[in-house]
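Visitor: I'd like to ask some things about the structure below.
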Amino acid sequence: MLSVLFYSFVVFTAIQIIYYLIFSSFLFKKKTDRKNALDIPITVIVCAKNEAKNLQDFLPSILNQDYSNFDIVLINDASSDETLEVMESFEKEHSNIKLINVENIEAFWGNKKYALTLGIKGAKNDHLLFTDADCKPVSKHWISEMAQNFNEEKTIVLGYGKYKKEKLLVNLFVRFETLLTAIQYFSYAKLGSPYMGVGRNLAYHRSEFFNVKGFINHIHIKSGDDDLFIQDAANKENTTFSISKKSFTESIAPKSFKEWFQQKRRHISTAKYYKPKHKFFLGLFFVSKVLFYLLAIPLFFLYSWEPVLAIFLTYYIVQFIVIGFSAKKLKEPIITYVLPFLEIGLLIFHFSIFITNLSSKPNHWK
């Protein structure tokens, strides 16, 4: 019986190592030819609901972008605070801002996708760049760095939306989870099977939106305006990504585990609508990791500890190298020093969300 458990442990370790080697593929992205994007007209779309303070803080960083040909669509999604007033004040001061005020209607009550659809239809340009009201570009070259990835073939660009570093334990977990998610969706895109992006930093040509009839396939699902859209529209021919540090956006991370838990419940709830192949491979990664730990602990005490320790260390060396280089590339270097602690904690966190989502539906869009 112990031999069966040991060989199962070996198999699950091998699966994990293969995954991490695959994850490293995004690090070898070819540099983009800047000649492909010479001042492509870009419309930046920001959809906000009750974000008055964040708009005041972060919208100037978009307005101050070093790019000669861009405009901004601000969408007020039926806010109950002063969001509309803040948007109107910016619109009066800047001629390149267009304001779209969305009022709740019964058929699309509280549905961000409805608001985004109006914004996309109202955009001046065909190349669209999306971010959230609580995000800011990390550099004034954000638009140009994302835009240069567009060409005749590549019409969807996945970006990295990082979180600001703070001295909170939850912040460390949030940034690790964000890093791991980005590593996965970048590597899947590199291998020709894009499965998600993040609305904090995502660009695509408007034709891709209309090719799949917008959000119609999942309009009844209040979340998923980014990942479920990518599920519909992205493929190996039309999708690329940017890992240039100047193309990142930065958001304020949740301040507590409770706040983060509610946020992730919404995000994870959309995964059940992914394509079967993506659900299988993402599920295999999670399940094999859980079984890796569940088998390692009893085997270490009940089986010969030397081979178990050797396999365990091999796993961590591979993981440390891949996550380490990825974290350095995506500017999250401190994470590698506490990898085992973060990984085990994140597994428990995700499992808790999975159990909670089975018993109740998460809340959506503010």
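Ligands are numbered from 1 in the order shown, chains are lettered A, B, ... in the order of the structure tokens, and residues start at 1 in each chain.
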Write out as a VMD selection string all residues of segment 121-305 of chain A that backbone DSSP assigns to strand (DSSP E).
Guide: chain A and resid 127 to 132 135 to 137 156 to 158 161 to 163 202 to 205 239 to 241 249 to 251
Visitor: For the alpha helix (DSSP H) assignment from backbone DSSP, which residues of segment 73-290 of chain A qualify? Please present them as a PyMOL selection string.
Guide: chain A and resi 83-93+112-122+142-147+169-190+206-211+227-233+257-268+276-290
Visitor: Leaving out Asn50 of chain A and any residue of its chain fewer than 5 positions from it, which residues lie within 10 Å of it when counting only C-alpha atoms, given as a VMD selection string?
Guide: chain A and resid 55 76 to 84 133 366
Visitor: One number please: atom CA of Thr155 of chain A to atom CA of Tyr114 of chain A, in Å, one decimal.
Guide: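 According to the coordinates, atom CA of Thr155 of chain A and atom CA of Tyr114 of chain A are separated by 22.3 Å.
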Visitor: Could you pull the residues within 8 Å of Ala234 of chain A, counting only C-alpha atoms, minus those fewer than 6 positions along the same chain, as a list in words?
Guide: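 Result of the neighbour search: Ile156, Pro194 and Tyr195 of chain A.
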Visitor: Kindly indicate which residue among A:Leu342, A:Ile243, A:Leu63, A:Ile321 lies nearest to Lys30 of chain A, using only C-alpha atoms for the distances.
Guide: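 Selected residue with least distance to Lys30 of chain A: A:Ile243.
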Visitor: Env of segment 294-297 of chain A: 12 Å cut, atoms = only C-alpha atoms, seq-sep filter 3 positions within chain, self excluded. Answer as a CSV table (one decimal) with C-alpha atoms, in the first residue's frame.
Guide:
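Okay, part-v9.csv is ready:
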```
chain,number,residue,atom,x,y,z
A,2,LEU,CA,2.8,2.4,0.9
A,3,SER,CA,4.5,1.6,-2.4
A,4,VAL,CA,1.4,2.6,-4.3
A,5,LEU,CA,1.2,5.8,-2.4
A,6,PHE,CA,4.8,6.5,-3.1
A,7,TYR,CA,4.6,6.0,-6.8
A,8,SER,CA,1.4,8.1,-6.9
A,9,PHE,CA,3.4,10.8,-5.1
A,10,VAL,CA,6.1,10.5,-7.8
A,11,VAL,CA,3.5,10.9,-10.6
A,12,PHE,CA,1.9,13.9,-9.0
A,13,THR,CA,5.3,15.5,-8.5
A,287,VAL,CA,-5.6,18.7,-7.9
A,288,SER,CA,-2.1,17.3,-8.5
A,289,LYS,CA,-0.7,20.0,-6.2
A,290,VAL,CA,-3.2,19.2,-3.4
A,291,LEU,CA,-2.4,15.4,-3.7
A,300,PHE,CA,7.8,11.3,5.0
A,301,PHE,CA,7.0,9.6,8.3
A,302,LEU,CA,5.7,6.2,7.1
A,303,TYR,CA,7.9,5.5,4.1
A,304,SER,CA,11.7,5.8,3.6
A,305,TRP,CA,12.2,9.6,4.2
A,306,GLU,CA,15.3,10.0,1.9
A,307,PRO,CA,13.6,9.5,-1.5
A,308,VAL,CA,10.6,11.5,-0.3
A,309,LEU,CA,12.8,14.4,0.7
A,310,ALA,CA,14.8,14.2,-2.5
A,311,ILE,CA,11.6,14.3,-4.6
A,312,PHE,CA,10.2,17.1,-2.4
A,313,LEU,CA,13.4,19.2,-2.8
A,315,TYR,CA,9.9,20.0,-6.8
A,344,ILE,CA,0.1,26.1,1.1
A,347,LEU,CA,-4.3,26.2,-1.5
```
